[in-house]
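Shown below: run-v3.csv, with CSV, C-alpha atoms.
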chain,number,residue,atom,x,y,z
O,1174,MET,CA,-32.6,-1.9,-8.3
O,1175,ARG,CA,-31.0,-5.2,-7.0
O,1176,ASP,CA,-30.9,-6.4,-3.4
O,1177,LEU,CA,-27.3,-6.2,-2.3
O,1178,SER,CA,-27.8,-8.0,1.1
O,1179,LYS,CA,-26.0,-11.2,-0.1
O,1180,ILE,CA,-22.8,-9.5,-1.3
O,1181,VAL,CA,-22.3,-6.7,1.3
O,1182,LYS,CA,-20.2,-8.4,4.0
O,1183,ALA,CA,-18.9,-7.1,7.3
O,1184,TYR,CA,-15.7,-5.6,5.8
O,1185,ASP,CA,-16.1,-5.6,2.0
O,1186,ILE,CA,-18.4,-6.3,-1.0
O,1187,ARG,CA,-17.8,-9.8,-2.4
O,1188,GLY,CA,-19.6,-12.2,-4.7
O,1189,LEU,CA,-19.7,-14.3,-7.9
O,1190,VAL,CA,-18.9,-12.6,-11.2
O,1191,PRO,CA,-21.1,-11.9,-13.1
O,1192,GLN,CA,-24.1,-13.4,-11.3
O,1193,GLU,CA,-23.8,-11.2,-8.2
O,1194,ILE,CA,-21.1,-8.6,-9.1
O,1195,ASP,CA,-20.9,-7.0,-12.6
O,1196,GLU,CA,-20.0,-3.7,-14.1
O,1197,ASP,CA,-23.4,-2.2,-13.5
O,1198,LEU,CA,-23.1,-3.0,-9.8
O,1199,ALA,CA,-19.6,-1.6,-9.7
O,1200,ARG,CA,-20.8,1.6,-11.3
O,1201,THR,CA,-23.6,2.1,-8.7
O,1202,VAL,CA,-21.2,1.4,-5.9
O,1203,GLY,CA,-18.8,3.9,-7.2
O,1204,ALA,CA,-21.5,6.5,-7.2
O,1205,ALA,CA,-22.6,5.6,-3.7
O,1206,PHE,CA,-19.1,5.7,-2.4
O,1207,VAL,CA,-18.6,9.3,-3.6
O,1208,ARG,CA,-22.0,10.2,-2.0
O,1209,LEU,CA,-20.9,8.6,1.3
O,1210,THR,CA,-17.5,10.2,1.5
O,1211,GLY,CA,-18.2,13.5,-0.2
O,1212,ALA,CA,-14.7,13.2,-1.7
O,1213,ALA,CA,-13.5,15.4,-4.5
O,1214,SER,CA,-11.0,12.7,-5.5
O,1215,ILE,CA,-10.6,9.0,-4.9
O,1216,VAL,CA,-8.0,6.4,-5.8
O,1217,THR,CA,-8.6,2.9,-7.2
O,1218,ALA,CA,-6.5,-0.2,-7.8
O,1219,HIS,CA,-7.2,-3.8,-8.8
O,1220,ASP,CA,-5.6,-7.3,-8.8
O,1221,MET,CA,-4.9,-9.5,-11.8
O,1222,ARG,CA,-8.3,-11.2,-12.1
O,1223,THR,CA,-9.8,-11.0,-15.6
O,1224,SER,CA,-12.9,-9.2,-14.2
O,1225,SER,CA,-11.0,-6.7,-12.0
O,1226,GLY,CA,-9.9,-4.1,-14.6
O,1227,PRO,CA,-13.4,-3.8,-16.1
O,1228,LEU,CA,-15.0,-3.6,-12.7
O,1229,SER,CA,-12.6,-0.9,-11.6
O,1230,ALA,CA,-13.2,1.1,-14.8
O,1231,ALA,CA,-17.0,0.9,-14.2
O,1232,PHE,CA,-16.6,2.0,-10.6
O,1233,ALA,CA,-14.7,5.0,-11.9
O,1234,GLU,CA,-17.6,5.8,-14.2
O,1235,GLY,CA,-20.0,5.9,-11.3
O,1236,ALA,CA,-17.6,8.0,-9.2
O,1237,THR,CA,-17.0,10.6,-11.9
O,1238,ALA,CA,-20.7,10.8,-12.6
O,1239,GLN,CA,-21.0,12.1,-9.0
O,1240,GLY,CA,-18.4,14.7,-9.7
O,1241,ALA,CA,-15.3,13.1,-8.2
O,1242,ASP,CA,-12.0,12.8,-9.9
O,1243,VAL,CA,-10.5,9.3,-10.0
O,1244,VAL,CA,-6.8,8.4,-9.8
O,1245,GLU,CA,-6.4,4.9,-11.3
O,1246,ALA,CA,-3.4,3.1,-9.9
O,1247,GLY,CA,-4.0,0.0,-12.1
O,1248,LEU,CA,-2.5,-3.3,-11.0
O,1249,ALA,CA,-1.7,-3.4,-7.3
O,1250,SER,CA,-1.7,-5.4,-4.1
O,1251,THR,CA,-4.3,-4.4,-1.4
O,1252,ASP,CA,-1.7,-3.0,0.9
O,1253,MET,CA,-0.5,-0.8,-2.0
O,1254,LEU,CA,-4.0,0.6,-2.4
O,1255,TYR,CA,-4.0,1.4,1.4
O,1256,PHE,CA,-0.6,3.1,0.9
O,1257,ALA,CA,-2.1,5.2,-1.9
O,1258,SER,CA,-5.1,6.2,0.2
O,1259,GLY,CA,-2.7,7.3,3.0
O,1260,SER,CA,-0.1,9.1,0.9
O,1261,LEU,CA,-2.6,10.8,-1.3
O,1262,ASN,CA,-5.1,11.4,1.5
O,1263,MET,CA,-8.0,10.1,-0.6
O,1264,PRO,CA,-10.7,7.5,-0.1
O,1265,GLY,CA,-9.8,4.3,-2.0
O,1266,ALA,CA,-11.3,1.2,-3.6
O,1267,MET,CA,-9.5,-2.1,-4.2
O,1268,PHE,CA,-10.9,-4.7,-6.6
O,1269,THR,CA,-10.0,-8.2,-5.4
O,1270,ALA,CA,-11.6,-11.2,-3.8
O,1271,SER,CA,-8.5,-12.1,-1.8
O,1272,HIS,CA,-8.4,-15.8,-1.1
O,1273,ASN,CA,-11.6,-16.7,-3.0
O,1274,PRO,CA,-11.5,-18.5,-6.4
O,1275,ALA,CA,-11.3,-16.6,-9.7
O,1276,THR,CA,-15.1,-16.8,-10.2
O,1277,TYR,CA,-15.4,-14.3,-7.3
O,1278,ASN,CA,-14.5,-10.6,-7.1
O,1279,GLY,CA,-15.1,-7.9,-4.6
O,1280,ILE,CA,-14.4,-4.3,-3.5
O,1281,LYS,CA,-12.5,-3.2,-0.4
O,1282,LEU,CA,-13.2,0.4,0.5
O,1283,CYS,CA,-11.5,2.9,2.8
O,1284,ARG,CA,-11.7,6.5,3.6
O,1285,ALA,CA,-8.9,9.0,3.3
O,1286,GLY,CA,-5.9,7.9,5.3
O,1287,ALA,CA,-6.7,4.2,4.7
O,1288,LYS,CA,-9.4,4.2,7.4
O,1289,PRO,CA,-11.4,1.0,6.7
O,1290,VAL,CA,-15.1,1.1,5.6
O,1291,GLY,CA,-17.0,-1.7,7.2
O,1292,ILE,CA,-20.7,-2.5,7.8
O,1293,ALA,CA,-20.7,-0.2,10.8
O,1294,THR,CA,-18.6,2.5,9.3
O,1295,GLY,CA,-20.2,3.1,5.9
O,1296,LEU,CA,-20.9,-0.2,4.0
O,1297,ALA,CA,-24.6,-0.2,5.2
O,1298,GLU,CA,-25.1,3.3,3.9
O,1299,ILE,CA,-23.4,2.4,0.6
O,1300,LYS,CA,-25.7,-0.6,0.3
O,1301,ASP,CA,-28.7,1.7,0.7
O,1302,LEU,CA,-27.4,4.3,-1.7
O,1303,ALA,CA,-26.5,1.7,-4.3
O,1304,GLU,CA,-30.0,0.1,-4.2
O,1305,ARG,CA,-31.6,3.3,-5.5
O,1306,ALA,CA,-30.9,5.6,-8.5
O,1307,LEU,CA,-28.7,8.6,-7.8
O,1308,ASP,CA,-28.9,11.8,-9.8
O,1309,PRO,CA,-25.6,12.7,-11.5
O,1310,ALA,CA,-23.6,15.7,-10.5
O,1311,PRO,CA,-23.9,18.9,-12.7
O,1312,SER,CA,-20.2,18.5,-13.8
O,1313,PRO,CA,-18.5,15.0,-14.0
O,1314,GLY,CA,-15.1,14.3,-12.7
O,1315,THR,CA,-12.1,13.1,-14.6
O,1316,VAL,CA,-10.0,9.9,-14.6
O,1317,THR,CA,-6.2,10.0,-14.4
O,1318,ARG,CA,-3.8,7.0,-14.6
O,1319,ARG,CA,-0.9,7.2,-12.2
O,1320,ASP,CA,1.9,4.7,-11.5
O,1321,LEU,CA,2.1,4.5,-7.7
O,1322,LEU,CA,4.3,1.4,-7.5
O,1323,PRO,CA,7.7,3.3,-7.2
O,1324,GLY,CA,6.4,5.4,-4.3
O,1325,TYR,CA,5.0,2.3,-2.6
O,1326,ALA,CA,8.4,0.5,-2.9
O,1327,GLU,CA,10.2,3.6,-1.6
O,1328,HIS,CA,7.9,3.7,1.4
O,1329,LEU,CA,8.5,0.1,2.3
O,1330,ARG,CA,12.3,0.5,2.0
O,1331,LYS,CA,12.1,3.4,4.5
O,1332,LEU,CA,10.5,1.2,7.1
O,1333,VAL,CA,13.8,-0.5,7.9
O,1334,ASP,CA,17.5,0.5,7.9
O,1335,ILE,CA,18.8,-1.0,4.6
O,1336,SER,CA,22.2,0.6,4.9
O,1337,SER,CA,23.8,-2.4,6.5
O,1338,ILE,CA,22.0,-5.2,4.6
O,1339,ARG,CA,24.5,-7.8,3.5
O,1340,PRO,CA,24.2,-9.5,0.1
O,1341,LEU,CA,21.4,-12.0,0.2
O,1342,THR,CA,19.8,-14.6,-2.1
O,1343,VAL,CA,16.1,-14.6,-1.5
O,1344,ALA,CA,13.5,-16.9,-3.0
O,1345,VAL,CA,10.0,-15.5,-3.1
O,1346,ASP,CA,6.9,-17.5,-3.9
O,1347,ALA,CA,4.3,-15.0,-5.3
O,1348,GLY,CA,1.6,-17.7,-5.7
O,1349,ASN,CA,0.8,-16.3,-9.2
O,1350,GLY,CA,-0.6,-13.2,-7.4
O,1351,MET,CA,0.2,-9.6,-7.0
O,1352,ALA,CA,3.5,-10.1,-5.2
O,1353,GLY,CA,4.9,-10.9,-8.6
O,1354,HIS,CA,4.1,-7.3,-9.6
O,1355,THR,CA,5.3,-5.5,-6.4
O,1356,VAL,CA,8.3,-7.5,-5.1
O,1357,PRO,CA,10.7,-6.8,-7.9
O,1358,LYS,CA,10.2,-3.1,-7.5
O,1359,VAL,CA,10.6,-3.3,-3.7
O,1360,PHE,CA,13.9,-5.2,-4.0
O,1361,GLU,CA,15.2,-2.9,-6.8
O,1362,GLY,CA,18.5,-1.4,-5.8
O,1363,LEU,CA,19.0,-3.7,-2.8
O,1364,PRO,CA,22.0,-6.1,-2.6
O,1365,VAL,CA,19.5,-9.0,-3.1
O,1366,THR,CA,19.5,-11.7,-5.7
O,1367,LEU,CA,15.9,-12.6,-6.2
O,1368,ILE,CA,14.8,-16.1,-7.1
O,1369,PRO,CA,11.2,-15.5,-8.4
O,1370,LEU,CA,8.8,-18.5,-8.0
O,1371,TYR,CA,5.3,-18.4,-9.6
O,1372,PHE,CA,5.6,-14.7,-10.5
O,1373,ASN,CA,3.5,-15.0,-13.6
O,1374,PHE,CA,-0.2,-14.0,-13.2
O,1375,LEU,CA,-2.9,-16.6,-13.3
O,1376,SER,CA,-6.0,-14.5,-13.6
O,1377,THR,CA,-8.3,-17.5,-14.0
O,1378,VAL,CA,-6.8,-19.9,-11.5
O,1379,HIS,CA,-6.5,-19.0,-7.9
O,1380,ALA,CA,-3.8,-20.1,-5.5
O,1381,ALA,CA,-6.2,-22.6,-3.9
O,1382,ASP,CA,-6.0,-24.9,-6.9
O,1383,GLU,CA,-4.5,-28.4,-6.6
O,1384,ARG,CA,-1.1,-27.4,-7.9
O,1385,VAL,CA,-0.6,-24.7,-5.3
O,1386,ARG,CA,-2.0,-26.8,-2.5
O,1387,VAL,CA,1.3,-28.7,-2.5
O,1388,ALA,CA,2.9,-28.1,0.9
O,1389,PRO,CA,5.0,-24.9,0.4
O,1390,VAL,CA,8.0,-26.3,2.3
O,1391,ARG,CA,8.2,-29.2,-0.1
O,1392,ARG,CA,7.7,-27.0,-3.0
O,1393,GLU,CA,10.5,-24.5,-2.1
O,1394,ARG,CA,13.0,-27.0,-0.7
O,1395,PRO,CA,14.8,-27.6,-4.1
O,1396,VAL,CA,15.3,-23.9,-4.4
O,1397,VAL,CA,16.3,-23.1,-0.8
O,1398,ARG,CA,18.9,-25.8,-0.6
O,1399,PRO,CA,20.5,-26.5,-4.0
O,1400,GLN,CA,20.5,-22.8,-5.1
O,1401,GLY,CA,21.7,-21.6,-1.7
O,1402,SER,CA,18.9,-19.2,-0.8
O,1403,ASP,CA,19.4,-17.4,2.5
O,1404,LEU,CA,15.6,-16.8,2.8
O,1405,TRP,CA,12.4,-17.8,1.2
O,1406,LYS,CA,9.1,-16.1,1.5
O,1407,ILE,CA,5.5,-17.1,0.5

As structure tokens, what does this structure read like?
Amino acid sequence: MRDLSKIVKAYDIRGLVPQEIDEDLARTVGAAFVRLTGAASIVTAHDMRTSSGPLSAAFAEGATAQGADVVEAGLASTDMLYFASGSLNMPGAMFTASHNPATYNGIKLCRAGAKPVGIATGLAEIKDLAERALDPAPSPGTVTRRDLLPGYAEHLRKLVDISSIRPLTVAVDAGNGMAGHTVPKVFEGLPVTLIPLYFNFLSTVHAADERVRVAPVRRERPVVRPQGSDLWKI
């Protein structure tokens, strides 16, 4: 088995695809995660990177081989995965490399209730388990797809009193990332005119490229001023 020392970080697993993280690695981590948590069910989600969906699916294969059922949320932001872990009371796995370029990917793990799994709270054990072969469970688990975005959006709207919101025009720069997926549903039904900026996914170009390094204030000024936006958010 491979040495995972280079990719197991303080708070997540992260590395180059496929040199350091591939589907075989995701499969073994999925199995190790179930062994660590002893969970009967887990929830997974992933960002828009080309490698994220296949890695998430492989992780589910490893988890179900250990007898756990997997709820696949599909495309999601990291905070949406944490919402899912809390609302479903299940351990969760999010496939993303956050601010790193598209050549990277990673896995953020949490226990039920969105309690983080770091090097001192389970990642070291997952590393040890993933570095050796694990016998499968007598009976494999199942995989179920579930759309958790509506529940996530409803949860966010409950965090504030929206009854007195006046009509607003809001420009949102999603940076070609997952906000382009979640923001429209969160704003749905509100008296908000949304001006979407960079909502299309760029799975092979990350927001650190030269185009996006343009100062955001300069980039949004033509929208905020001429189009009369009340707010803009990156």

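Between Arg1319 of chain O and the candidates O:Gly1279, O:Pro1227, O:Gly1247, O:Gly1353, the tightest atom-to-atom separation, counting all atoms listed in the file, involves O:Gly1247.
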
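Between atom CA of Thr1223 of chain O and atom CA of Phe1268 of chain O the separation is 11.0 Å.
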
Within 10 Å of Gly1295 of chain O, counting only C-alpha atoms, which residues show up once you throw out same-chain ones fewer than 3 positions away? Write them as a list in words, please.
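Result of the neighbour search: Tyr1184, Phe1206, Leu1209, Thr1210, Leu1282, Cys1283, Arg1284, Pro1289, Val1290, Gly1291, Ile1292, Glu1298, Ile1299 and Lys1300 of chain O.
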
Pick from O:Val1365, O:Ile1180, O:Leu1261, O:Val1190, whichever lies nearest to Ile1338 of chain O using all atoms listed in the file:
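Of all the options, O:Val1365 lies closest to Ile1338 of chain O.
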
Of the listed residues O:Asp1176, O:Asp1320, O:Asp1301, O:Glu1327, that which approaches Val1216 of chain O most closely, counting all atoms listed in the file:
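Among the listed residues, O:Asp1320 lies closest to Val1216 of chain O.
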
Separation of atom CA of Gln1239 of chain O and atom CA of Gly1314 of chain O, in Å?
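Result for atom CA of Gln1239 of chain O versus atom CA of Gly1314 of chain O: 7.3 Å, one decimal.
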
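Comparing O:Lys1182, O:Gly1265, O:Leu1198, O:Gly1235 by their smallest distance to Ala1212 of chain O, the closest is O:Gly1265 (using all atoms listed in the file).
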
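Taking atom CA of Val1207 of chain O as the reference point, atom CA of Pro1191 of chain O is found at 23.4 Å.
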
Out of O:Val1181, O:Leu1228, O:Leu1367, O:Ala1204, which residue has the shortest atom-to-atom distance to Asn1278 of chain O when counting all atoms listed in the file?
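With all atoms listed in the file as the atom set, the closest residue is O:Leu1228.
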
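Closest to Ala1241 of chain O among O:Arg1305, O:Ala1310, O:Ser1224, O:Ala1275 is O:Ala1310, based on only C-alpha atoms.
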
Excluding Thr1201 of chain O and its own-chain neighbours fewer than 2 positions away, which residues fall within 9 Å of it when counting only C-alpha atoms? Please give them as a count of residues only.
19

Cut-off 7 Å around (-12.0, 10.1, -11.4) with only C-alpha atoms: residues as number ranges by chain:
O: 1214-1215, 1233, 1236-1237, 1241-1244, 1314-1317
